[in-house]
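Novice: You'll find start06.cif just under this line, and it carries mmCIF, C-alpha atoms.
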data_model
#
loop_
_atom_site.group_PDB
_atom_site.id
_atom_site.type_symbol
_atom_site.label_atom_id
_atom_site.label_comp_id
_atom_site.auth_asym_id
_atom_site.auth_seq_id
_atom_site.Cartn_x
_atom_site.Cartn_y
_atom_site.Cartn_z
ATOM 1 C CA MET A 192 10.185 17.202 11.612
ATOM 2 C CA LYS A 193 8.029 14.857 9.589
ATOM 3 C CA SER A 194 5.796 15.840 6.702
ATOM 4 C CA SER A 195 2.117 16.257 7.379
ATOM 5 C CA PRO A 196 -0.580 14.163 5.732
ATOM 6 C CA VAL A 197 -2.959 16.150 3.604
ATOM 7 C CA ARG A 198 -6.578 15.525 2.805
ATOM 8 C CA ILE A 199 -8.708 17.167 0.160
ATOM 9 C CA ILE A 200 -10.168 20.433 1.418
ATOM 10 C CA LEU A 201 -12.908 22.136 -0.567
ATOM 11 C CA SER A 202 -11.594 25.689 -0.607
ATOM 12 C CA ALA A 203 -10.545 28.198 -3.223
ATOM 13 C CA ALA A 204 -7.138 28.477 -1.632
ATOM 14 C CA MET A 205 -6.467 24.756 -2.029
ATOM 15 C CA ALA A 206 -7.743 24.694 -5.594
ATOM 16 C CA ALA A 207 -5.562 27.656 -6.573
ATOM 17 C CA CYS A 208 -2.394 26.337 -4.950
ATOM 18 C CA VAL A 209 0.085 25.613 -7.765
ATOM 19 C CA PHE A 210 3.667 24.426 -7.281
ATOM 20 C CA PRO A 211 6.419 24.119 -9.927
ATOM 21 C CA ALA A 212 6.957 20.635 -11.322
ATOM 22 C CA VAL A 213 9.974 18.631 -10.199
ATOM 23 C CA ALA A 214 11.782 16.484 -12.775
ATOM 24 C CA GLY A 215 11.458 12.787 -11.967
ATOM 25 C CA ALA A 216 14.531 10.618 -11.550
ATOM 26 C CA GLN A 217 15.453 8.361 -14.453
ATOM 27 C CA ARG A 218 14.465 4.723 -13.957
ATOM 28 C CA PRO A 219 15.953 1.792 -15.886
ATOM 29 C CA GLN A 220 12.557 0.232 -16.570
ATOM 30 C CA ALA A 221 9.203 1.912 -16.998
ATOM 31 C CA PRO A 222 6.317 0.418 -14.993
ATOM 32 C CA PRO A 223 3.028 -0.501 -16.682
ATOM 33 C CA LEU A 224 0.673 2.336 -17.591
ATOM 34 C CA LEU A 225 -2.817 1.823 -16.188
ATOM 35 C CA GLU A 226 -6.076 3.283 -17.372
ATOM 36 C CA SER A 227 -9.111 3.805 -15.206
ATOM 37 C CA SER A 228 -10.995 0.551 -14.870
ATOM 38 C CA VAL A 229 -14.379 2.013 -13.975
ATOM 39 C CA GLY A 230 -16.920 4.106 -15.773
ATOM 40 C CA ALA A 231 -18.401 5.459 -12.560
ATOM 41 C CA LEU A 232 -16.924 5.251 -9.098
ATOM 42 C CA GLY A 233 -17.796 2.085 -7.209
ATOM 43 C CA GLU A 234 -19.149 0.114 -10.161
ATOM 44 C CA SER A 235 -16.549 -2.515 -10.759
ATOM 45 C CA ASP A 236 -13.003 -3.525 -10.013
ATOM 46 C CA CYS A 237 -12.452 -5.914 -7.150
ATOM 47 C CA ALA A 238 -16.173 -5.709 -6.495
ATOM 48 C CA ASP A 239 -16.196 -9.490 -6.083
ATOM 49 C CA GLY A 240 -13.248 -9.312 -3.707
ATOM 50 C CA VAL A 241 -12.877 -7.774 -0.262
ATOM 51 C CA VAL A 242 -14.562 -4.362 -0.329
ATOM 52 C CA LEU A 243 -14.444 -2.324 2.885
ATOM 53 C CA ASP A 244 -15.800 0.948 1.466
ATOM 54 C CA ASP A 245 -19.319 1.779 0.263
ATOM 55 C CA GLY A 246 -18.225 2.990 -3.179
ATOM 56 C CA THR A 247 -18.690 6.699 -2.453
ATOM 57 C CA LEU A 248 -15.821 9.184 -2.418
ATOM 58 C CA GLU A 249 -16.067 11.924 0.195
ATOM 59 C CA SER A 250 -12.411 12.885 0.689
ATOM 60 C CA GLY A 251 -8.856 11.691 0.119
ATOM 61 C CA TYR A 252 -5.491 11.328 1.821
ATOM 62 C CA GLY A 253 -2.293 12.711 0.345
ATOM 63 C CA TRP A 254 0.957 14.429 1.345
ATOM 64 C CA VAL A 255 2.532 17.859 1.244
ATOM 65 C CA PRO A 256 5.101 18.203 -1.579
ATOM 66 C CA SER A 257 8.048 18.248 0.840
ATOM 67 C CA ALA A 258 7.636 14.498 1.379
ATOM 68 C CA VAL A 259 9.552 12.209 -0.964
ATOM 69 C CA ASP A 260 8.178 8.873 0.291
ATOM 70 C CA GLY A 261 4.558 8.810 1.396
ATOM 71 C CA ARG A 262 2.582 5.656 2.176
ATOM 72 C CA TYR A 263 -0.989 4.793 3.152
ATOM 73 C CA VAL A 264 -2.083 1.227 3.895
ATOM 74 C CA GLN A 265 -5.264 -0.442 5.101
ATOM 75 C CA ARG A 266 -5.747 -3.406 7.426
ATOM 76 C CA PHE A 267 -7.090 -6.657 5.958
ATOM 77 C CA ASP A 268 -7.882 -10.077 7.428
ATOM 78 C CA VAL A 269 -6.949 -13.281 5.630
ATOM 79 C CA ALA A 270 -10.224 -14.821 6.839
ATOM 80 C CA ASP A 271 -12.162 -12.447 4.547
ATOM 81 C CA PHE A 272 -10.433 -13.774 1.416
ATOM 82 C CA ARG A 273 -10.946 -17.036 -0.458
ATOM 83 C CA SER A 274 -7.185 -17.699 -0.277
ATOM 84 C CA ARG A 275 -3.936 -16.045 0.816
ATOM 85 C CA LYS A 276 -2.820 -15.394 -2.762
ATOM 86 C CA MET A 277 -3.758 -11.938 -4.010
ATOM 87 C CA GLU A 278 -4.905 -11.794 -7.635
ATOM 88 C CA GLU A 279 -5.842 -8.155 -8.049
ATOM 89 C CA ILE A 280 -5.436 -4.981 -6.010
ATOM 90 C CA CYS A 281 -7.603 -1.963 -6.782
ATOM 91 C CA VAL A 282 -6.907 1.585 -5.636
ATOM 92 C CA CYS A 283 -9.094 4.653 -6.114
ATOM 93 C CA TRP A 284 -7.234 7.891 -6.935
ATOM 94 C CA THR A 285 -8.268 11.520 -7.247
ATOM 95 C CA ARG A 286 -6.355 14.793 -7.605
ATOM 96 C CA THR A 287 -6.639 18.574 -7.186
ATOM 97 C CA GLN A 288 -4.047 19.787 -9.724
ATOM 98 C CA PRO A 289 -3.832 19.589 -13.550
ATOM 99 C CA ASP A 290 -1.265 16.745 -13.630
ATOM 100 C CA ASP A 291 -3.319 13.560 -14.108
ATOM 101 C CA GLU A 292 -0.634 10.845 -14.072
ATOM 102 C CA VAL A 293 0.799 9.327 -10.901
ATOM 103 C CA ARG A 294 3.566 6.763 -10.513
ATOM 104 C CA PHE A 295 2.991 4.577 -7.477
ATOM 105 C CA SER A 296 3.558 1.159 -5.961
ATOM 106 C CA VAL A 297 0.994 -1.181 -4.489
ATOM 107 C CA GLU A 298 2.531 -2.842 -1.449
ATOM 108 C CA LEU A 299 1.794 -5.708 0.915
ATOM 109 C CA TYR A 300 2.995 -5.603 4.531
ATOM 110 C CA ARG A 301 2.961 -8.268 7.229
ATOM 111 C CA ASP A 302 1.603 -7.535 10.697
ATOM 112 C CA HIS A 303 4.269 -6.782 13.274
ATOM 113 C CA GLY A 304 2.905 -6.322 16.775
ATOM 114 C CA GLY A 305 -0.405 -4.865 15.638
ATOM 115 C CA ARG A 306 1.044 -2.507 13.028
ATOM 116 C CA PRO A 307 2.552 -2.796 9.546
ATOM 117 C CA SER A 308 6.149 -3.976 9.299
ATOM 118 C CA ARG A 309 8.667 -1.287 8.412
ATOM 119 C CA SER A 310 9.372 -2.718 4.956
ATOM 120 C CA PRO A 311 6.932 -4.334 2.518
ATOM 121 C CA ASP A 312 6.915 -8.042 1.733
ATOM 122 C CA ARG A 313 6.000 -7.269 -1.874
ATOM 123 C CA SER A 314 5.935 -4.103 -3.969
ATOM 124 C CA VAL A 315 4.725 -3.574 -7.550
ATOM 125 C CA GLU A 316 5.309 -0.274 -9.352
ATOM 126 C CA VAL A 317 2.794 1.035 -11.894
ATOM 127 C CA VAL A 318 1.572 4.311 -13.403
ATOM 128 C CA ALA A 319 -2.049 5.494 -13.344
ATOM 129 C CA SER A 320 -3.124 7.873 -16.117
ATOM 130 C CA ALA A 321 -6.159 10.105 -16.595
ATOM 131 C CA VAL A 322 -6.796 10.377 -12.854
ATOM 132 C CA PRO A 323 -10.031 12.378 -12.369
ATOM 133 C CA GLY A 324 -10.082 15.661 -10.506
ATOM 134 C CA PHE A 325 -11.878 15.850 -7.154
ATOM 135 C CA PRO A 326 -14.761 15.339 -6.396
ATOM 136 C CA ASP A 327 -14.530 12.558 -8.986
ATOM 137 C CA GLY A 328 -12.248 9.559 -8.640
ATOM 138 C CA ALA A 329 -11.550 6.243 -10.322
ATOM 139 C CA PHE A 330 -10.278 2.810 -9.432
ATOM 140 C CA TYR A 331 -7.062 1.495 -10.960
ATOM 141 C CA SER A 332 -6.626 -2.259 -11.106
ATOM 142 C CA VAL A 333 -3.232 -3.904 -10.635
ATOM 143 C CA ASP A 334 -2.993 -7.544 -11.713
ATOM 144 C CA VAL A 335 -0.683 -9.362 -9.294
ATOM 145 C CA SER A 336 -1.710 -12.922 -10.174
ATOM 146 C CA ASP A 337 1.721 -13.741 -11.643
ATOM 147 C CA LEU A 338 3.547 -12.548 -8.521
ATOM 148 C CA ASP A 339 4.093 -14.213 -5.171
ATOM 149 C CA MET A 340 1.754 -11.727 -3.499
ATOM 150 C CA ARG A 341 0.717 -13.929 -0.565
ATOM 151 C CA ALA A 342 -0.564 -12.633 2.737
ATOM 152 C CA PRO A 343 2.246 -13.513 5.184
ATOM 153 C CA THR A 344 0.207 -13.144 8.398
ATOM 154 C CA ASP A 345 -3.456 -13.575 9.314
ATOM 155 C CA VAL A 346 -3.709 -9.791 9.574
ATOM 156 C CA PHE A 347 -1.887 -7.884 6.849
ATOM 157 C CA TYR A 348 -1.860 -4.486 5.168
ATOM 158 C CA LEU A 349 -2.293 -3.370 1.566
ATOM 159 C CA GLY A 350 -1.760 0.109 0.262
ATOM 160 C CA VAL A 351 0.176 2.556 -1.857
ATOM 161 C CA ARG A 352 3.494 4.367 -1.863
ATOM 162 C CA TRP A 353 4.507 7.306 -4.028
ATOM 163 C CA ASN A 354 6.787 10.341 -4.196
ATOM 164 C CA PRO A 355 4.643 13.414 -3.400
ATOM 165 C CA SER A 356 7.454 15.793 -4.383
ATOM 166 C CA GLU A 357 7.204 14.516 -7.966
ATOM 167 C CA ASP A 358 3.518 13.561 -8.191
ATOM 168 C CA ARG A 359 1.911 16.388 -6.260
ATOM 169 C CA PHE A 360 -1.573 16.622 -4.808
ATOM 170 C CA PHE A 361 -2.749 13.131 -5.654
ATOM 171 C CA PHE A 362 -5.011 11.530 -3.071
ATOM 172 C CA VAL A 363 -6.136 8.028 -2.152
ATOM 173 C CA CYS A 364 -9.938 8.129 -2.125
ATOM 174 C CA VAL A 365 -11.600 7.954 1.282
ATOM 175 C CA ASP A 366 -15.079 6.846 2.329
ATOM 176 C CA GLN A 367 -16.482 8.934 5.191
ATOM 177 C CA THR A 368 -20.064 7.657 5.148
ATOM 178 C CA GLU A 369 -21.256 7.264 8.739
ATOM 179 C CA THR A 370 -22.816 3.858 8.080
ATOM 180 C CA THR A 371 -19.547 2.379 6.779
ATOM 181 C CA PRO A 372 -17.776 0.285 9.458
ATOM 182 C CA VAL A 373 -14.510 1.879 10.558
ATOM 183 C CA VAL A 374 -11.424 0.195 9.114
ATOM 184 C CA ASP A 375 -7.980 0.870 10.546
ATOM 185 C CA GLY A 376 -5.499 2.561 8.238
ATOM 186 C CA TRP A 377 -1.873 3.535 8.703
ATOM 187 C CA PHE A 378 0.470 6.156 7.270
ATOM 188 C CA ILE A 379 4.182 6.965 7.251
ATOM 189 C CA ASP A 380 6.533 9.260 5.345
ATOM 190 C CA ASP A 381 10.290 9.514 4.841
ATOM 191 C CA ARG A 382 10.820 11.622 7.961
ATOM 192 C CA ALA A 383 8.837 9.456 10.362
ATOM 193 C CA ASP A 384 10.328 6.701 12.500
ATOM 194 C CA GLU A 385 7.260 4.475 12.628
ATOM 195 C CA TRP A 386 3.769 3.958 11.268
ATOM 196 C CA GLU A 387 0.867 5.886 12.791
ATOM 197 C CA SER A 388 -2.755 4.743 12.826
ATOM 198 C CA VAL A 389 -5.410 7.069 11.432
ATOM 199 C CA LEU A 390 -7.574 6.024 14.390
ATOM 200 C CA GLU A 391 -4.976 7.114 16.952
ATOM 201 C CA SER A 392 -3.690 10.228 15.209
ATOM 202 C CA SER A 393 -4.482 13.645 16.668
ATOM 203 C CA ASP A 394 -4.571 15.126 13.165
ATOM 204 C CA PRO A 395 -8.144 16.350 12.521
ATOM 205 C CA ILE A 396 -8.027 15.251 8.882
ATOM 206 C CA PHE A 397 -8.783 11.716 10.095
ATOM 207 C CA ASP A 398 -11.730 12.630 12.341
ATOM 208 C CA ASP A 399 -14.357 11.360 9.881
ATOM 209 C CA HIS A 400 -12.384 8.351 8.674
ATOM 210 C CA ARG A 401 -14.282 5.185 7.788
ATOM 211 C CA ALA A 402 -12.254 3.391 5.100
ATOM 212 C CA MET A 403 -9.724 4.046 2.388
ATOM 213 C CA MET A 404 -10.912 2.930 -1.017
ATOM 214 C CA ILE A 405 -8.371 0.134 -1.390
ATOM 215 C CA ARG A 406 -9.731 -3.252 -2.407
ATOM 216 C CA ALA A 407 -8.301 -6.677 -3.136
ATOM 217 C CA ARG A 408 -9.303 -9.963 -4.687
ATOM 218 C CA ALA A 409 -7.642 -13.339 -4.075
ATOM 219 C CA LEU A 410 -7.288 -16.382 -6.307
ATOM 220 C CA GLU A 411 -9.454 -19.397 -5.663
ATOM 221 C CA GLY A 412 -7.841 -22.456 -4.130
ATOM 222 C CA TYR A 413 -5.326 -23.151 -1.405
ATOM 223 C CA PHE A 414 -2.035 -21.296 -1.453
ATOM 224 C CA GLY A 415 0.057 -22.052 1.596
ATOM 225 C CA LEU A 416 2.747 -19.784 2.930
ATOM 226 C CA VAL A 417 6.165 -19.968 1.352
ATOM 227 C CA PRO A 418 8.730 -19.948 4.185
ATOM 228 C CA THR A 419 11.164 -17.063 3.947
ATOM 229 C CA LEU A 420 14.436 -16.558 5.788
ATOM 230 C CA GLY A 421 15.606 -13.251 7.117
ATOM 231 C CA THR A 422 19.261 -12.283 7.302
ATOM 232 C CA TRP A 423 19.859 -14.070 10.598
ATOM 233 C CA GLY A 424 17.875 -17.089 9.493
ATOM 234 C CA LEU A 425 19.972 -17.365 6.344
ATOM 235 C CA LEU A 426 23.223 -17.043 8.308
ATOM 236 C CA THR A 427 22.039 -19.681 10.757
ATOM 237 C CA LEU A 428 21.214 -22.029 7.884
ATOM 238 C CA ILE A 429 24.656 -21.487 6.311
ATOM 239 C CA VAL A 430 26.401 -22.151 9.637
ATOM 240 C CA ALA A 431 24.329 -25.305 10.145
ATOM 241 C CA ILE A 432 25.146 -26.601 6.649
ATOM 242 C CA CYS A 433 28.869 -25.910 7.196
ATOM 243 C CA ALA A 434 28.784 -27.674 10.567
ATOM 244 C CA VAL A 435 27.137 -30.751 9.061
ATOM 245 C CA GLY A 436 29.660 -30.726 6.216
ATOM 246 C CA LEU A 437 32.614 -30.573 8.612
ATOM 247 C CA LEU A 438 31.135 -33.367 10.692
ATOM 248 C CA LEU A 439 30.764 -35.592 7.643
ATOM 249 C CA LEU A 440 34.326 -34.828 6.554
ATOM 250 C CA ARG A 441 35.682 -35.740 9.989
ATOM 251 C CA ARG A 442 33.744 -38.997 10.034
ATOM 252 C CA GLY A 443 35.047 -39.822 6.587
ATOM 253 C CA GLY A 444 38.606 -39.080 7.743
ATOM 254 C CA ASP A 445 38.210 -41.282 10.840
ATOM 255 C CA ARG A 446 37.009 -44.187 8.720
ATOM 256 C CA GLY A 447 39.924 -43.778 6.387
#
Please express what this file holds, its structure, as structure tokens.
Specialist:
Amino acid sequence: MKSSPVRIILSAAMAACVFPAVAGAQRPQAPPLLESSVGALGESDCADGVVLDDGTLESGYGWVPSAVDGRYVQRFDVADFRSRKMEEICVCWTRTQPDDEVRFSVELYRDHGGRPSRSPDRSVEVVASAVPGFPDGAFYSVDVSDLDMRAPTDVFYLGVRWNPSEDRFFFVCVDQTETTPVVDGWFIDDRADEWESVLESSDPIFDDHRAMMIRARALEGYFGLVPTLGTWGLLTLIVAICAVGLLLLRRGGDRG
């Protein structure tokens, strides 16, 4: 049985729901600590990039605390960017519990048959501090200009991944304004076999979905794709190199 997505619900029961904290696992290297990059929601970060929301927060998507790996991503088109190379990714967060610090990763996924690939092409871990309580929210900017964060397909997906059992009741901000064009988003947790679209889900929490407040900005200039080899591609290359080497050795032996 997979964990259920959770959205922010304005009710006394939700606001009063308190769970005991779970100690986080030790990590060999601490990710960067981010501070809110906006004074008021919708004013700044990635505003000169690709913005699919209208800057207003109406709700948010999160996970129940039984999930240990929860992800939300949003669909983007390379054609909307000035290049394939991402420079900055901005995510709006809000919360409903006293804990105001969330450890998360921003992730980039290639398109695989009209849905995100199972594993990310790139992942960058950070920590956001001083996350506002709902109904307020704030954008957190992640500088990825020094990383090879290139869109691998013409359609790709950007989003976040975190451990909801450790960082509980944090939510990715959601725009539900009727005039905002609908943007496809996807979600998956540790007990699901594949991604599910918010537009195809029967869960009523997505009924008013328009866009997640995830933005991105690309570097100027041309940045072509860097070819990558999968496991089979690498094995094939090794076999080919060995075959050529054996052939050259045989020819050298024949000449001798």
Novice: So the first atom is atom CA of A:His400 and the second is atom CA of A:Thr287; what is the distance between them in Å, to one decimal place?
Specialist: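 Separation of atom CA of A:His400 and atom CA of A:Thr287: 19.7 Å.
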Novice: My list of candidates is A:Ile379, A:Leu390, A:Met340, A:Val333. Which is closest to A:Ser274 when distances are computed with all atoms listed in the file?
Specialist: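 Of the candidates, the smallest distance to A:Ser274 is held by A:Met340.
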Novice: Starting from the displayed file, determine the output of the PyMOL selection byres ((chain A and resi 255) around 10) and express the residue list as a PyMOL selection string.
Specialist: chain A and resi 194-198+253-254+256-259+261+355-356+359-361
Novice: Leaving out A:Ser296 and any residue of its chain fewer than 3 positions from it, which residues lie within 9 Å of it when counting only C-alpha atoms, given as an MDAnalysis selection string?
Specialist: chainID A and resid 314:318 350:353
Novice: Can you write out the residues you just picked, keeping C-alpha atoms, as a tab-separated table (two decimals), keeping the file's coordinate frame?
Specialist:
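Saved to selection-v2.tsv:
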chain	number	residue	atom	x	y	z
A	314	SER	CA	5.94	-4.10	-3.97
A	315	VAL	CA	4.72	-3.57	-7.55
A	316	GLU	CA	5.31	-0.27	-9.35
A	317	VAL	CA	2.79	1.03	-11.89
A	318	VAL	CA	1.57	4.31	-13.40
A	350	GLY	CA	-1.76	0.11	0.26
A	351	VAL	CA	0.18	2.56	-1.86
A	352	ARG	CA	3.49	4.37	-1.86
A	353	TRP	CA	4.51	7.31	-4.03
Novice: Output the residue selection produced by the PyMOL selection byres ((chain A and resi 246) around 12) on the file above, formatted as an MDAnalysis selection string.
Specialist: chainID A and resid 229 231:238 242:245 247:249 282:283 327:330 364:368 371 401:406
Novice: What does the distance between atom CA of A:Ala407 and atom CA of A:Asn354 come to in Å, to one decimal place?
Specialist: 22.8 Å
Novice: Could you give me, as a count of residues only, the residues within 7 Å of A:Ala342, counting all atoms listed in the file and dropping anything in the same chain fewer than 5 positions from it?
Specialist: 3
Novice: In Å to one decimal, how far is atom CA of A:Arg262 from atom CA of A:Asp290?
Specialist: 19.7 Å
Novice: Up to 8 Å from (-2.9, -12.6, 8.2) in the file's coordinates: name the residues, counting only C-alpha atoms, as a list in words.
Specialist: Phe267, Asp268, Val269, Ala270, Arg301, Asp302, Ala342, Pro343, Thr344, Asp345, Val346 and Phe347 of chain A
Novice: Return the single residue from A:Val335, A:Arg341, A:Ser310, A:Val363 that is closest to A:Val293, with distances computed using only C-alpha atoms.
Specialist: A:Val363
Novice: Evaluate the PyMOL selection byres ((chain A and resi 377) around 7) and record the selected residues as a list in words, following the chain and residue labels used in the document.
Specialist: Tyr263, Val264, Gln265, Asp375, Gly376, Phe378, Trp386, Glu387, Ser388 and Val389 of chain A
Novice: Provide stretch 392-404 of chain A rebuilt to N, CA and C atoms, formatted as a PDB file, in the frame of the given file.
Specialist:
ATOM      1  N   SER A 392      -4.321   8.950  15.516  1.00  0.00           N
ATOM      2  CA  SER A 392      -3.690  10.228  15.209  1.00  0.00           C
ATOM      3  C   SER A 392      -4.513  11.386  15.768  1.00  0.00           C
ATOM      4  N   SER A 393      -3.816  12.427  16.192  1.00  0.00           N
ATOM      5  CA  SER A 393      -4.482  13.645  16.668  1.00  0.00           C
ATOM      6  C   SER A 393      -4.777  14.608  15.532  1.00  0.00           C
ATOM      7  N   ASP A 394      -4.335  14.262  14.319  1.00  0.00           N
ATOM      8  CA  ASP A 394      -4.571  15.126  13.165  1.00  0.00           C
ATOM      9  C   ASP A 394      -6.061  15.122  12.818  1.00  0.00           C
ATOM     10  N   PRO A 395      -6.691  16.292  12.772  1.00  0.00           N
ATOM     11  CA  PRO A 395      -8.144  16.350  12.521  1.00  0.00           C
ATOM     12  C   PRO A 395      -8.566  15.869  11.143  1.00  0.00           C
ATOM     13  N   ILE A 396      -7.621  15.708  10.213  1.00  0.00           N
ATOM     14  CA  ILE A 396      -8.027  15.251   8.882  1.00  0.00           C
ATOM     15  C   ILE A 396      -8.596  13.834   8.916  1.00  0.00           C
ATOM     16  N   PHE A 397      -8.300  13.095   9.995  1.00  0.00           N
ATOM     17  CA  PHE A 397      -8.783  11.716  10.095  1.00  0.00           C
ATOM     18  C   PHE A 397     -10.036  11.573  10.965  1.00  0.00           C
ATOM     19  N   ASP A 398     -10.598  12.690  11.402  1.00  0.00           N
ATOM     20  CA  ASP A 398     -11.730  12.630  12.341  1.00  0.00           C
ATOM     21  C   ASP A 398     -12.926  11.869  11.775  1.00  0.00           C
ATOM     22  N   ASP A 399     -13.177  11.994  10.490  1.00  0.00           N
ATOM     23  CA  ASP A 399     -14.357  11.360   9.881  1.00  0.00           C
ATOM     24  C   ASP A 399     -14.005  10.080   9.122  1.00  0.00           C
ATOM     25  N   HIS A 400     -12.844   9.532   9.411  1.00  0.00           N
ATOM     26  CA  HIS A 400     -12.384   8.351   8.674  1.00  0.00           C
ATOM     27  C   HIS A 400     -13.315   7.155   8.856  1.00  0.00           C
ATOM     28  N   ARG A 401     -13.582   6.473   7.753  1.00  0.00           N
ATOM     29  CA  ARG A 401     -14.282   5.185   7.788  1.00  0.00           C
ATOM     30  C   ARG A 401     -13.429   4.122   7.083  1.00  0.00           C
ATOM     31  N   ALA A 402     -13.073   4.364   5.832  1.00  0.00           N
ATOM     32  CA  ALA A 402     -12.254   3.391   5.100  1.00  0.00           C
ATOM     33  C   ALA A 402     -11.585   4.061   3.917  1.00  0.00           C
ATOM     34  N   MET A 403     -10.361   3.651   3.637  1.00  0.00           N
ATOM     35  CA  MET A 403      -9.724   4.046   2.388  1.00  0.00           C
ATOM     36  C   MET A 403     -10.269   3.151   1.275  1.00  0.00           C
ATOM     37  N   MET A 404     -10.325   3.686   0.085  1.00  0.00           N
ATOM     38  CA  MET A 404     -10.912   2.930  -1.017  1.00  0.00           C
ATOM     39  C   MET A 404      -9.824   2.101  -1.705  1.00  0.00           C
TER      40      MET A 404
END
